[in-house]
Amino acid sequence: MIRAADMLIARRADTRARADFATWKMMAKLNGITALPGEALTFLESYKALLKEMPEDAASEATIHLIYKSYYAKMGGVGAPPELPARSSDPVTDNVTAFKRPPVPRNKPTAPGAPAKPRLPVGLIFACLVVVYVGIRYYLMQ
């Protein structure tokens, strides 16, 4: 029987193993292999050995499984790591959603008998502000 805590550790270990392997693989492609820790170099060497025997997808999964076992033990998992459900093999083509502008709120139509609200023109508001400003300046200058 697998405990819930062990399953939680297993999921975290699997997620971390997949992320670390992808990072290590990308760093190796970008000639940043010297910056990797020794453990990463060991796993990448085993990955290269597996590539000679099997296709890239199978070699990647086998290497991720080795990293997963290692991480499971380091994170405190008890016994053999549980088998996790297989990841979907459907490739993700596009996970970006198109941007859509939010709908513009329309003015609510007024009732036939209700008076419409009068709107002040912008020029009138500006003129009032100028008058207030000049009045304050005139008052402070005397």
# chains A, B, ... in the order shown; residues from 1 in each chain; ligands from 1
>>> residues_around(residues="segment 24-32 of chain A", least_positions_apart="6", cutoff="9 Å", atoms="only C-alpha atoms", output="list in words")
Ala40, Leu41 and Leu44 of chain A
>>> residues_around(residues="Asp14 of chain A", least_positions_apart="4", cutoff="8 Å", atoms="only C-alpha atoms", output="count of residues only")
6
>>> atom_distance(atom1="atom CA of Lys69 of chain A", atom2="atom CA of Pro37 of chain A")
17.9 Å
>>> closest_residue(among="A:Pro121, A:Val132, A:Arg106, A:Val78", to="Arg3 of chain A", atoms="only C-alpha atoms")
A:Val78
>>> atom_distance(atom1="atom CA of Ala49 of chain A", atom2="atom CA of Ile67 of chain A")
15.1 Å
>>> atom_distance(atom1="atom CA of Met54 of chain A", atom2="atom CA of Met75 of chain A")
29.7 Å
>>> closest_residue(among="A:Met141, A:Leu66, A:Ala80, A:Leu120", to="Leu50 of chain A", atoms="only C-alpha atoms")
A:Leu66
>>> closest_residue(among="A:Ile125, A:Pro103, A:Tyr72, A:Pro55", to="Thr15 of chain A", atoms="only C-alpha atoms")
A:Tyr72
>>> residues_around(residues="Tyr47 of chain A", least_positions_apart="6", cutoff="8 Å", atoms="only C-alpha atoms", output="VMD selection string")
chain A and resid 59 to 60 63
>>> write_last_selection(atoms="C-alpha atoms", output="PDB file, in the first residue's frame")
ATOM      1  CA  ALA A  59      16.320   7.450 -23.694  1.00  0.00           C
ATOM      2  CA  SER A  60      14.926  10.657 -22.219  1.00  0.00           C
ATOM      3  CA  THR A  63      17.033   8.955 -17.820  1.00  0.00           C
TER       4      THR A  63
END
